[in-house]
Structures are given as structure tokens and as C-alpha cells.
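Participant: Just dropping this structure here.
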Amino acid sequence: MKTQDLRTYAKNTWCPGCGNFAILNSIKAVLKNLQEEGTPLENVVLVSGIGCHAKIVDYIDTNSFYSIHGRATPVAEGIKIANQNLKVIGFAGDGDAYGEGIEHLIFAAKRNADITMIIHNNRVYGLTTGQYSPTSPLGFKGRSTPGGSIEPPMNPLELMLTSGATFLARGCSNNIEFLQNIFKEALNHKGFALVDVLQVCFTFYNMYQYYEKKVYELKEHNAGDYSEALKKIREWDYHNDSPIALGVFYKKESVTFEERLSGYRSDKKDVESGIKKALSKTI
Ligand code: SF4
């Protein structure tokens with residue numbers, strides 16, 4: 001099979017130096033790799049929300065759906081339910097995913113929807129020129145908070161873990177090779193996978209040097225241990241000055257929403273036995 005070139009005719013309008021380029025190049029490399037391993041490109045669907053990140057679907061030549069603000073997750077879930085043979089990858093920004101769309105993420109994690117969500121977490125609203133977002137640190141100075149934000153940030157990975165996500169990882173736009181490995185592992189995971197990418201917004205919140213000094217790769221971490229994952233996830237709270245771990249924090253095999261749904265559909269007169277049937281096949 002010939003690996004398809006994923007370039008499109010769309011002109012790239014991201015700012016020079018934007019961390020979105022690292023995500024774009026990493027996911028393209030992983031998609032090419034998937035093709036070479038036998039996953040046809042027509043079985044891949046990309047979904048984006050609204051924001052600088054969302055243009056990524058314009059720059060990759062495969063099936064895609066440009067959704068509305070905060071709604072990349074439910075659109076991705078709907079596509080997967082309609083055709084379970086598809087590999088569905090959702091892209092969202094931090095404002096998009098952790099602000100407007102947070103309830104959708106919580107429920108996708110809770111039901112273990114079999115989708116991968118990649119969050120371009122630049123910790124600022126970039127497209128609208130620099131307002132504070134759910135992961136901006138306390139004291140962040142931007143367009144809407146010239147005197148400094150008076151809200152502490154949320155820790156989205158902690159929220160996702162407690163909501164039931166079965167794969168959680170963090171990457172950084174400073175390290176493309178590492179990002180590729182994480183994306184590949186997330187895409188191979190059966191169930192709800194979320195990768196929080198510290199994606200530097202060069203124009204409104206340039207954290208290149210800070211991340212360069214602070215990030216480290218997780219080693220000798222037991223990703224199957226919930227308590228260990230929680231401890232590592234809490235080490236850096238998106239505000240304190242702690243070292244920032246990158247890698248897979250948590251990974252667990254569990255029955256997916258779509259498998260439970262198939263069990264129900266195959267035996268819908270008896271919901272309970274249909275679900276049991278699905279569970280017995282997959283746990
Ligand atoms: Fe990237 Fe920030 Fe420019 Fe948006 S505003 S394209 S996130 S550098």
C-alpha cells in the first residue's frame with residue numbers, strides 16, 4: 001500500500017513559532033505510520049472545535065469535521081457510534097475542551113467512549129488575542145485580565161482521571177519525537193484516551209524556555225496504578241513551580257461505551273443480558 005501524502009492546499013496561517021506545528025507534524029507522522037501498518041486513511045476521521053488549534057483539520061488530507069466551540073468531543077463520539085470501524089481523533093484547545101466543552105469530556109470519560117482527544121493546551125485563548133483560559137496560572141496578565149487573573153487554574157488530568165478516563169498522558173510541543181510516541185500509544189488504546197499537550201502560544205503566552213527547564217519524562221512509573229497516577233498528576237497543578245512530568249500517567253483496559261451499546265443492540269429486549277454479554281467478551 002502506498003502511503004498517502006497528507007498535505008493539503010490550505011495556506012497555513014498559524015503564527016511562526018506556534019506549538020501547533022509540533023502537534024501537526026507529530027500526528028501526520030503517526031497517521032503515515034498507521035497507514036503503513038495497514039489502517040487505511042479512509043478509516044480515520046479528525047474532528048476539531050473552534051480556536052487556533054482547529055485549523056489542524058485543514059492541514060491534513062483525510063476525513064474531517066470542523067465542529068463548533070466546545071463540541072469536538074460529542075461529535076467525535078457520534079461518529080464512532082455510527083461506524084465503529086473508524087478511528088476517531090478529536091482536537092480541541094484548552095478553552096474549547098476545558099471551558100465550553102468540559103461537560104462533554106467528563107461524560108465521554110465516564111462512559112469510556114472509544115475516541116482519542118488531543119488537547120492543544122496553550123493556557124490562553126489565542127485566536128481571540130490573549131484572554132485567560134481554564135489552565136492559565138493565577139495572576140496571568142492578558143487582554144481580559146490586565147491586572148492578573150484572580151482564579152487558580154484547574155488540573156484537567158486530575159478531573160479526567162476521577163471521571164473515569166482509561167488513558168491519560170501529557171506531551172509538550174518542545175519535543176516532537178516524544179509527542180509522536182504518546183500519540184501512537186493513545187491511538188492504539190481501546191477506550192477514552194486524552195493527551196494534554198503543553199502547546200506553546202508563541203504570540204500570547206510564550207512558555208518555551210520555562211517548559212525547556214521544567215519538563216521531564218516519566219520513567220519507572222506504573223501507569224496501571226490509579227493512586228500512583230493521581231500522585232504524579234497532582235505533582236504539577238498548572239500553577240506551582242514543580243517539575244512537569246511528560247508521558248503516560250494512566251492506562252487501563254476496560255469495556256467501552258460502544259461495546260456496551262452493541263450488547264444492548266444485539267439483545268435489546270433484555271438490556272441487562274445484552275450488557276452482560278458485551279462485558280463478558282471484553283473484560
Ligand atoms: Fe499559535 Fe498563539 Fe498564534 Fe494561535 S495566536 S497561531 S496559538 S502562536
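All residue names refer to the C-alpha cells as shown: chains lettered A, B, ... in order, residues numbered from 1 in each chain, ligands numbered from 1 in order.
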Residues at most 12 Å from A:Leu138, counting only C-alpha atoms, excluding those fewer than 4 positions away in the same chain, as a list in words?
Facilitator: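 Non-adjacent residues within range: Arg123, Tyr132, Ser133, Pro134, Gly142, Thr145, Gly147, Gly148, Ser149, Ile150, Glu151, Pro152, Pro153, Met154, Asp237, Tyr238, His239 and Asn240 of chain A.
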Participant: Output all heavy atoms of each residue in that selection to a file, as a CSV table (one decimal), in the first residue's frame.
Facilitator:
chain,number,residue,atom,x,y,z
A,123,ARG,N,-2.9,27.3,27.2
A,123,ARG,CA,-3.2,28.0,28.5
A,123,ARG,C,-3.6,29.5,28.3
A,123,ARG,O,-3.3,30.3,29.2
A,123,ARG,CB,-2.1,27.8,29.5
A,123,ARG,CG,-1.8,26.3,29.7
A,123,ARG,CD,-0.5,26.0,30.4
A,123,ARG,NE,-0.6,26.5,31.8
A,123,ARG,CZ,0.4,26.8,32.6
A,123,ARG,NH1,1.6,26.7,32.1
A,123,ARG,NH2,0.2,27.1,33.8
A,132,TYR,N,-7.4,35.0,29.5
A,132,TYR,CA,-7.1,33.9,30.3
A,132,TYR,C,-8.0,32.7,30.1
A,132,TYR,O,-9.2,32.9,29.7
A,132,TYR,CB,-7.1,34.3,31.8
A,132,TYR,CG,-8.4,34.3,32.5
A,132,TYR,CD1,-8.7,33.3,33.4
A,132,TYR,CD2,-9.3,35.3,32.3
A,132,TYR,CE1,-10.0,33.3,34.1
A,132,TYR,CE2,-10.5,35.3,32.9
A,132,TYR,CZ,-10.9,34.3,33.8
A,132,TYR,OH,-12.1,34.3,34.4
A,133,SER,N,-7.5,31.5,30.2
A,133,SER,CA,-8.3,30.3,30.0
A,133,SER,C,-8.4,29.4,31.2
A,133,SER,O,-7.8,29.8,32.3
A,133,SER,CB,-7.6,29.5,28.8
A,133,SER,OG,-6.6,28.6,29.4
A,134,PRO,N,-9.1,28.3,31.2
A,134,PRO,CA,-9.2,27.4,32.4
A,134,PRO,C,-7.8,27.0,33.0
A,134,PRO,O,-7.7,26.6,34.2
A,134,PRO,CB,-10.0,26.3,32.0
A,134,PRO,CG,-10.8,26.8,30.8
A,134,PRO,CD,-9.9,27.7,30.1
A,142,GLY,N,-3.4,39.2,30.8
A,142,GLY,CA,-3.8,39.1,29.4
A,142,GLY,C,-4.9,40.2,29.1
A,142,GLY,O,-5.2,41.1,29.9
A,145,THR,N,-7.6,40.3,31.6
A,145,THR,CA,-7.1,40.3,33.0
A,145,THR,C,-5.8,41.2,33.0
A,145,THR,O,-4.8,40.6,33.4
A,145,THR,CB,-6.9,38.9,33.6
A,145,THR,OG1,-6.0,38.2,32.7
A,145,THR,CG2,-8.1,38.1,33.8
A,147,GLY,N,-4.8,43.2,35.1
A,147,GLY,CA,-4.2,43.3,36.4
A,147,GLY,C,-3.8,41.9,37.0
A,147,GLY,O,-3.4,41.8,38.1
A,148,GLY,N,-4.0,40.9,36.2
A,148,GLY,CA,-3.7,39.5,36.6
A,148,GLY,C,-5.0,38.7,36.9
A,148,GLY,O,-5.9,39.2,37.6
A,149,SER,N,-5.0,37.5,36.5
A,149,SER,CA,-6.2,36.6,36.7
A,149,SER,C,-6.3,36.3,38.2
A,149,SER,O,-5.3,36.1,38.9
A,149,SER,CB,-6.1,35.3,36.0
A,149,SER,OG,-6.8,34.3,36.6
A,150,ILE,N,-7.5,36.4,38.8
A,150,ILE,CA,-7.7,36.1,40.2
A,150,ILE,C,-8.2,34.7,40.5
A,150,ILE,O,-8.5,34.4,41.6
A,150,ILE,CB,-8.6,37.2,40.9
A,150,ILE,CG1,-9.9,37.2,40.2
A,150,ILE,CG2,-7.9,38.5,40.9
A,150,ILE,CD1,-11.0,38.0,40.9
A,151,GLU,N,-8.2,33.9,39.4
A,151,GLU,CA,-8.6,32.5,39.6
A,151,GLU,C,-7.5,31.5,39.4
A,151,GLU,O,-6.7,31.6,38.5
A,151,GLU,CB,-9.6,32.1,38.4
A,151,GLU,CG,-10.9,32.7,38.4
A,151,GLU,CD,-11.7,32.3,37.2
A,151,GLU,OE1,-11.7,31.1,36.8
A,151,GLU,OE2,-12.5,33.2,36.7
A,152,PRO,N,-7.4,30.5,40.3
A,152,PRO,CA,-6.4,29.5,40.1
A,152,PRO,C,-6.8,28.6,39.0
A,152,PRO,O,-8.0,28.5,38.7
A,152,PRO,CB,-6.4,28.7,41.5
A,152,PRO,CG,-7.7,29.0,42.1
A,152,PRO,CD,-8.2,30.3,41.6
A,153,PRO,N,-5.8,27.9,38.3
A,153,PRO,CA,-6.2,27.1,37.2
A,153,PRO,C,-6.8,25.8,37.6
A,153,PRO,O,-6.6,25.4,38.8
A,153,PRO,CB,-4.8,26.8,36.5
A,153,PRO,CG,-3.8,27.0,37.6
A,153,PRO,CD,-4.4,28.0,38.5
A,154,MET,N,-7.4,25.1,36.7
A,154,MET,CA,-7.9,23.7,37.0
A,154,MET,C,-6.8,22.7,36.6
A,154,MET,O,-5.9,23.1,35.8
A,154,MET,CB,-9.2,23.4,36.2
A,154,MET,CG,-9.0,23.3,34.8
A,154,MET,SD,-10.5,23.1,33.8
A,154,MET,CE,-11.0,21.5,34.3
A,237,ASP,N,0.4,21.5,39.4
A,237,ASP,CA,-1.1,21.8,39.3
A,237,ASP,C,-1.3,22.9,38.3
A,237,ASP,O,-2.3,23.6,38.4
A,237,ASP,CB,-1.6,22.2,40.7
A,237,ASP,CG,-0.8,23.5,41.2
A,237,ASP,OD1,0.0,24.0,40.5
A,237,ASP,OD2,-1.1,23.9,42.4
A,238,TYR,N,-0.5,23.1,37.3
A,238,TYR,CA,-0.6,24.1,36.2
A,238,TYR,C,-0.4,25.5,36.8
A,238,TYR,O,-0.7,26.5,36.1
A,238,TYR,CB,-2.0,24.0,35.5
A,238,TYR,CG,-2.1,22.7,34.7
A,238,TYR,CD1,-2.3,21.5,35.3
A,238,TYR,CD2,-2.0,22.8,33.3
A,238,TYR,CE1,-2.3,20.3,34.6
A,238,TYR,CE2,-2.1,21.6,32.5
A,238,TYR,CZ,-2.3,20.4,33.2
A,238,TYR,OH,-2.3,19.2,32.5
A,239,HIS,N,0.1,25.6,38.0
A,239,HIS,CA,0.4,26.9,38.5
A,239,HIS,C,1.7,26.9,39.4
A,239,HIS,O,2.5,27.8,39.2
A,239,HIS,CB,-0.7,27.4,39.4
A,239,HIS,CG,-0.4,28.6,40.2
A,239,HIS,ND1,-0.3,29.8,39.6
A,239,HIS,CD2,-0.1,28.8,41.5
A,239,HIS,CE1,0.1,30.8,40.5
A,239,HIS,NE2,0.2,30.2,41.7
A,240,ASN,N,1.9,25.8,40.2
A,240,ASN,CA,3.1,25.8,41.0
A,240,ASN,C,4.4,25.7,40.2
A,240,ASN,O,4.3,25.5,39.0
A,240,ASN,CB,3.0,24.7,42.1
A,240,ASN,CG,3.0,23.3,41.6
A,240,ASN,OD1,3.5,23.1,40.5
A,240,ASN,ND2,2.4,22.4,42.3
Participant: List as a Markdown table every residue of chain A that is in contact with ligand 1, defined as an atom at most 12 Å from one of its atoms (using only C-alpha atoms and all ligand atoms), together with the nearest atom pair and the distance in Å rounded to one decimal, sorted by chain and then rising number.
Facilitator:
| residue | atom | partner | partner_atom_place_in_ligand_line | distance |
| --- | --- | --- | --- | --- |
| A:Asn12 | CA | ligand 1 | 6 (S) | 9.5 |
| A:Thr13 | CA | ligand 1 | 6 (S) | 7.0 |
| A:Trp14 | CA | ligand 1 | 6 (S) | 3.8 |
| A:Cys15 | CA | ligand 1 | 3 (Fe) | 4.1 |
| A:Pro16 | CA | ligand 1 | 8 (S) | 7.0 |
| A:Gly17 | CA | ligand 1 | 8 (S) | 6.5 |
| A:Cys18 | CA | ligand 1 | 8 (S) | 4.1 |
| A:Gly19 | CA | ligand 1 | 1 (Fe) | 6.3 |
| A:Asn20 | CA | ligand 1 | 1 (Fe) | 6.1 |
| A:Phe21 | CA | ligand 1 | 1 (Fe) | 8.5 |
| A:Ala22 | CA | ligand 1 | 1 (Fe) | 10.8 |
| A:Ile23 | CA | ligand 1 | 1 (Fe) | 11.2 |
| A:Leu24 | CA | ligand 1 | 1 (Fe) | 11.9 |
| A:Ile50 | CA | ligand 1 | 4 (Fe) | 11.3 |
| A:Gly51 | CA | ligand 1 | 4 (Fe) | 7.6 |
| A:Cys52 | CA | ligand 1 | 4 (Fe) | 4.6 |
| A:His53 | CA | ligand 1 | 7 (S) | 6.9 |
| A:Ala54 | CA | ligand 1 | 4 (Fe) | 10.0 |
| A:Lys55 | CA | ligand 1 | 6 (S) | 9.3 |
| A:Ile56 | CA | ligand 1 | 6 (S) | 10.7 |
| A:Ala92 | CA | ligand 1 | 7 (S) | 11.8 |
| A:Gly93 | CA | ligand 1 | 7 (S) | 9.0 |
| A:Asp94 | CA | ligand 1 | 7 (S) | 10.6 |
| A:Gly95 | CA | ligand 1 | 7 (S) | 11.5 |
| A:His120 | CA | ligand 1 | 7 (S) | 8.5 |
| A:Asn121 | CA | ligand 1 | 7 (S) | 9.1 |
| A:Asn122 | CA | ligand 1 | 7 (S) | 6.6 |
| A:Arg123 | CA | ligand 1 | 7 (S) | 9.4 |
| A:Val124 | CA | ligand 1 | 7 (S) | 8.1 |
| A:Tyr125 | CA | ligand 1 | 7 (S) | 7.7 |
| A:Gly126 | CA | ligand 1 | 5 (S) | 4.0 |
| A:Leu127 | CA | ligand 1 | 4 (Fe) | 5.3 |
| A:Thr128 | CA | ligand 1 | 5 (S) | 7.9 |
| A:Thr129 | CA | ligand 1 | 5 (S) | 6.4 |
| A:Gly130 | CA | ligand 1 | 5 (S) | 7.6 |
| A:Gln131 | CA | ligand 1 | 5 (S) | 10.8 |
| A:Ser173 | CA | ligand 1 | 1 (Fe) | 11.2 |
| A:Leu198 | CA | ligand 1 | 7 (S) | 11.1 |
| A:Gln199 | CA | ligand 1 | 7 (S) | 7.7 |
| A:Val200 | CA | ligand 1 | 7 (S) | 7.0 |
| A:Cys201 | CA | ligand 1 | 2 (Fe) | 3.6 |
| A:Phe202 | CA | ligand 1 | 8 (S) | 4.2 |
| A:Thr203 | CA | ligand 1 | 8 (S) | 4.6 |
| A:Phe204 | CA | ligand 1 | 2 (Fe) | 5.7 |
| A:Tyr205 | CA | ligand 1 | 2 (Fe) | 7.3 |
| A:Asn206 | CA | ligand 1 | 8 (S) | 8.2 |
| A:Met207 | CA | ligand 1 | 8 (S) | 10.9 |
| A:Tyr208 | CA | ligand 1 | 8 (S) | 11.5 |
Participant: At a cut-off of 9 Å, using only C-alpha atoms, what residues contact stretch 58-63 of chain A? Leave out same-chain residues fewer than 6 positions from it and give the result as a PyMOL selection string.
Facilitator: chain A and resi 4-12+24+28+41-47
Participant: Would you export the selected residues with all heavy atoms as a compact mmCIF listing (two decimals), in the first residue's frame, please?
Facilitator:
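Output (result.txt):
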# COMPACT_ATOMS: atom_id res chain seq x y z
N GLN A 4 -0.07 7.68 1.70
CA GLN A 4 -0.54 8.90 1.07
C GLN A 4 0.11 10.13 1.71
O GLN A 4 0.29 10.19 2.93
CB GLN A 4 -2.06 8.97 1.27
CG GLN A 4 -2.75 9.98 0.41
CD GLN A 4 -4.24 9.88 0.62
OE1 GLN A 4 -4.81 8.80 0.67
NE2 GLN A 4 -4.88 11.02 0.76
N ASP A 5 0.46 11.09 0.87
CA ASP A 5 0.98 12.34 1.41
C ASP A 5 -0.19 13.10 2.02
O ASP A 5 -1.24 13.24 1.40
CB ASP A 5 1.61 13.15 0.26
CG ASP A 5 2.23 14.43 0.77
OD1 ASP A 5 2.24 14.63 2.00
OD2 ASP A 5 2.70 15.22 -0.05
N LEU A 6 -0.02 13.58 3.22
CA LEU A 6 -1.16 14.17 3.93
C LEU A 6 -1.28 15.67 3.76
O LEU A 6 -2.08 16.32 4.41
CB LEU A 6 -1.07 13.81 5.42
CG LEU A 6 -1.17 12.31 5.71
CD1 LEU A 6 -0.67 11.99 7.10
CD2 LEU A 6 -2.60 11.84 5.56
N ARG A 7 -0.48 16.23 2.86
CA ARG A 7 -0.52 17.69 2.68
C ARG A 7 -1.81 18.15 2.00
O ARG A 7 -2.36 17.44 1.16
CB ARG A 7 0.66 18.14 1.83
CG ARG A 7 1.82 18.63 2.70
CD ARG A 7 2.90 19.19 1.86
NE ARG A 7 3.40 18.19 0.91
CZ ARG A 7 4.36 18.42 0.06
NH1 ARG A 7 4.92 19.61 -0.01
NH2 ARG A 7 4.78 17.48 -0.77
N THR A 8 -2.26 19.34 2.32
CA THR A 8 -3.44 19.91 1.64
C THR A 8 -3.03 21.22 0.96
O THR A 8 -1.91 21.71 1.16
CB THR A 8 -4.58 20.22 2.64
OG1 THR A 8 -4.15 21.29 3.50
CG2 THR A 8 -4.95 19.01 3.47
N TYR A 9 -3.97 21.78 0.23
CA TYR A 9 -3.67 23.05 -0.46
C TYR A 9 -3.88 24.26 0.46
O TYR A 9 -3.57 25.39 0.11
CB TYR A 9 -4.58 23.19 -1.71
CG TYR A 9 -6.04 23.17 -1.38
CD1 TYR A 9 -6.69 24.34 -0.96
CD2 TYR A 9 -6.78 21.99 -1.46
CE1 TYR A 9 -8.03 24.33 -0.62
CE2 TYR A 9 -8.12 21.97 -1.11
CZ TYR A 9 -8.74 23.13 -0.69
OH TYR A 9 -10.05 23.11 -0.34
N ALA A 10 -4.42 24.04 1.68
CA ALA A 10 -4.74 25.18 2.56
C ALA A 10 -3.48 25.91 3.00
O ALA A 10 -2.48 25.28 3.36
CB ALA A 10 -5.51 24.68 3.78
N LYS A 11 -3.55 27.22 3.00
CA LYS A 11 -2.41 28.03 3.44
C LYS A 11 -2.36 28.02 4.97
O LYS A 11 -3.39 28.26 5.62
CB LYS A 11 -2.60 29.46 2.92
CG LYS A 11 -1.45 30.35 3.24
CD LYS A 11 -1.63 31.73 2.61
CE LYS A 11 -0.49 32.60 3.07
NZ LYS A 11 -0.88 33.87 3.57
N ASN A 12 -1.21 27.74 5.52
CA ASN A 12 -1.10 27.70 6.98
C ASN A 12 -1.03 29.13 7.54
O ASN A 12 -0.17 29.91 7.15
CB ASN A 12 0.14 26.89 7.40
CG ASN A 12 0.08 26.55 8.88
OD1 ASN A 12 -0.08 27.42 9.71
ND2 ASN A 12 0.19 25.27 9.19
N LEU A 24 0.85 19.15 14.67
CA LEU A 24 0.53 18.80 13.28
C LEU A 24 1.55 17.80 12.72
O LEU A 24 1.18 16.75 12.17
CB LEU A 24 0.53 20.07 12.42
CG LEU A 24 0.36 19.88 10.91
CD1 LEU A 24 -1.01 19.31 10.58
CD2 LEU A 24 0.56 21.20 10.16
N LYS A 28 0.74 13.82 11.85
CA LYS A 28 0.92 13.37 10.46
C LYS A 28 1.87 12.17 10.40
O LYS A 28 1.60 11.19 9.69
CB LYS A 28 1.48 14.52 9.59
CG LYS A 28 0.37 15.43 9.08
CD LYS A 28 0.94 16.69 8.49
CE LYS A 28 1.02 16.65 7.01
NZ LYS A 28 1.34 17.97 6.42
N LEU A 41 -6.39 5.13 5.33
CA LEU A 41 -6.64 6.52 5.73
C LEU A 41 -8.14 6.85 5.71
O LEU A 41 -8.61 7.70 6.48
CB LEU A 41 -5.87 7.46 4.80
CG LEU A 41 -5.54 8.82 5.35
CD1 LEU A 41 -4.76 8.75 6.65
CD2 LEU A 41 -4.76 9.62 4.33
N GLU A 42 -8.88 6.15 4.84
CA GLU A 42 -10.33 6.44 4.79
C GLU A 42 -11.05 5.99 6.06
O GLU A 42 -12.20 6.34 6.29
CB GLU A 42 -10.99 5.83 3.55
CG GLU A 42 -10.85 4.35 3.38
CD GLU A 42 -9.65 3.99 2.50
OE1 GLU A 42 -8.68 4.77 2.47
OE2 GLU A 42 -9.70 2.93 1.86
N ASN A 43 -10.35 5.23 6.92
CA ASN A 43 -10.95 4.82 8.20
C ASN A 43 -10.61 5.77 9.34
O ASN A 43 -10.89 5.47 10.49
CB ASN A 43 -10.47 3.41 8.58
CG ASN A 43 -11.17 2.34 7.76
OD1 ASN A 43 -11.93 2.66 6.85
ND2 ASN A 43 -10.90 1.09 8.06
N VAL A 44 -9.97 6.88 9.00
CA VAL A 44 -9.59 7.85 10.03
C VAL A 44 -10.46 9.10 9.87
O VAL A 44 -10.66 9.59 8.76
CB VAL A 44 -8.09 8.25 9.88
CG1 VAL A 44 -7.71 9.35 10.86
CG2 VAL A 44 -7.20 7.02 10.07
N VAL A 45 -11.00 9.60 10.97
CA VAL A 45 -11.76 10.85 10.94
C VAL A 45 -11.21 11.79 12.00
O VAL A 45 -11.03 11.41 13.15
CB VAL A 45 -13.27 10.64 11.21
CG1 VAL A 45 -14.03 11.96 11.04
CG2 VAL A 45 -13.85 9.58 10.30
N LEU A 46 -10.94 13.01 11.59
CA LEU A 46 -10.46 14.03 12.52
C LEU A 46 -11.61 15.01 12.80
O LEU A 46 -12.37 15.35 11.89
CB LEU A 46 -9.30 14.81 11.91
CG LEU A 46 -8.17 14.00 11.26
CD1 LEU A 46 -7.11 14.95 10.69
CD2 LEU A 46 -7.53 13.06 12.28
N VAL A 47 -11.69 15.44 14.06
CA VAL A 47 -12.74 16.40 14.43
C VAL A 47 -12.06 17.54 15.18
O VAL A 47 -11.17 17.29 16.00
CB VAL A 47 -13.78 15.75 15.37
CG1 VAL A 47 -14.88 16.75 15.72
CG2 VAL A 47 -14.38 14.49 14.76
Participant: List the spatial neighbours of A:Leu187 as a PyMOL selection string - criterion: any atom at most 12 Å away, only C-alpha atoms, same-chain residues fewer than 6 positions off excluded.
Facilitator: chain A and resi 27+30-31+33-34+39+44+86-90+114-118+167-169+180-181+193-195
Participant: Mind writing the picked residues with C-alpha atoms as a compact mmCIF listing (two decimals), in the first residue's frame?
Facilitator:
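What landed in result_38.txt:
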# COMPACT_ATOMS: atom_id res chain seq x y z
CA ILE A 27 0.06 13.46 14.16
CA VAL A 30 1.67 8.82 13.30
CA LEU A 31 -1.06 8.68 10.64
CA ASN A 33 2.79 5.08 10.29
CA LEU A 34 -0.75 3.75 10.83
CA THR A 39 -5.03 1.14 8.68
CA VAL A 44 -9.59 7.85 10.03
CA LEU A 86 -13.43 4.25 12.26
CA LYS A 87 -10.51 5.66 14.21
CA VAL A 88 -11.80 8.98 15.51
CA ILE A 89 -9.42 11.68 16.74
CA GLY A 90 -10.73 14.87 18.31
CA ASP A 114 -13.62 4.81 22.25
CA ILE A 115 -12.13 8.05 20.91
CA THR A 116 -8.82 9.90 21.25
CA MET A 117 -8.87 13.54 22.31
CA ILE A 118 -5.77 15.68 21.74
CA PHE A 167 -5.77 6.59 29.09
CA LEU A 168 -4.20 9.86 30.21
CA ALA A 169 -0.96 11.40 29.03
CA GLN A 180 4.69 11.06 18.35
CA ASN A 181 5.20 8.13 20.72
CA ALA A 193 -7.77 8.45 25.61
CA LEU A 194 -6.83 12.06 26.31
CA VAL A 195 -3.44 13.64 25.63
Participant: Please report, as an MDAnalysis selection string, each residue of stretch 125-190 of chain A to which DSSP assigns strand (DSSP E or B) when run on this structure's backbone.
Facilitator: chainID A and resid 125 131 142 145 167:172
Participant: Got a sec: who's within 6 Å of A:Ala109, counting only C-alpha atoms, leaving out chain neighbours fewer than 5 positions off, as a list in words?
Facilitator: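 The residues that qualify are Ser163, Gly164, Ala165 and Phe192 of chain A.
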Participant: Okay, now the selection with N, CA, C and O atoms, as a PDB file, in the first residue's frame?
Facilitator:
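Result went into part-v5.pdb, see below:
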ATOM      1  N   SER A 163     -12.992  11.167  36.533  1.00  0.00           N
ATOM      2  CA  SER A 163     -14.217  10.978  35.736  1.00  0.00           C
ATOM      3  C   SER A 163     -14.265   9.599  35.085  1.00  0.00           C
ATOM      4  O   SER A 163     -15.310   9.191  34.580  1.00  0.00           O
ATOM      5  N   GLY A 164     -13.129   8.900  35.040  1.00  0.00           N
ATOM      6  CA  GLY A 164     -13.152   7.537  34.504  1.00  0.00           C
ATOM      7  C   GLY A 164     -12.344   7.324  33.234  1.00  0.00           C
ATOM      8  O   GLY A 164     -12.437   6.253  32.616  1.00  0.00           O
ATOM      9  N   ALA A 165     -11.548   8.317  32.790  1.00  0.00           N
ATOM     10  CA  ALA A 165     -10.736   8.137  31.576  1.00  0.00           C
ATOM     11  C   ALA A 165      -9.815   6.933  31.734  1.00  0.00           C
ATOM     12  O   ALA A 165      -9.288   6.682  32.825  1.00  0.00           O
ATOM     13  N   PHE A 192     -11.456   5.570  26.068  1.00  0.00           N
ATOM     14  CA  PHE A 192     -11.280   7.027  26.050  1.00  0.00           C
ATOM     15  C   PHE A 192      -9.840   7.411  26.390  1.00  0.00           C
ATOM     16  O   PHE A 192      -9.356   7.168  27.499  1.00  0.00           O
TER      17      PHE A 192
END
Participant: Between atom CA of A:Arg111 and atom CA of A:Ala82, what is the spacing in Å?
Facilitator: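 Those two atoms sit 16.2 Å apart.
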Participant: Based on DSSP run over this structure's backbone, return all residues of stretch 41-117 of chain A in helix (DSSP H, G or I), as a ChimeraX atom specification.
Facilitator: /A:41-43,52-58,72-82,94-100,102-110
Participant: For atom CA of A:Tyr98 and atom CA of A:Pro156, quote the distance in Å rounded to one decimal.
Facilitator: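 Computed distance, atom CA of A:Tyr98 to atom CA of A:Pro156, equals 7.0 Å.
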Participant: Could you tell me how far atom CA of A:His104 lies from atom CA of A:Phe249, in Å and to one decimal?
Facilitator: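 Interatomic distance here is 21.4 Å.
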Participant: Using only C-alpha atoms, find the one residue out of A:Asp96, A:Glu235, A:Glu253, A:Asp241 that sits nearest to A:Thr135.
Facilitator: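 Looking at the shortest contact to A:Thr135, the residue is A:Asp96.
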Participant: A:Lys219, A:Lys32, A:Arg71, A:Lys110: which is nearest A:Lys232, counting only C-alpha atoms?
Facilitator: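 Of the candidates, the smallest distance to A:Lys232 is held by A:Lys219.
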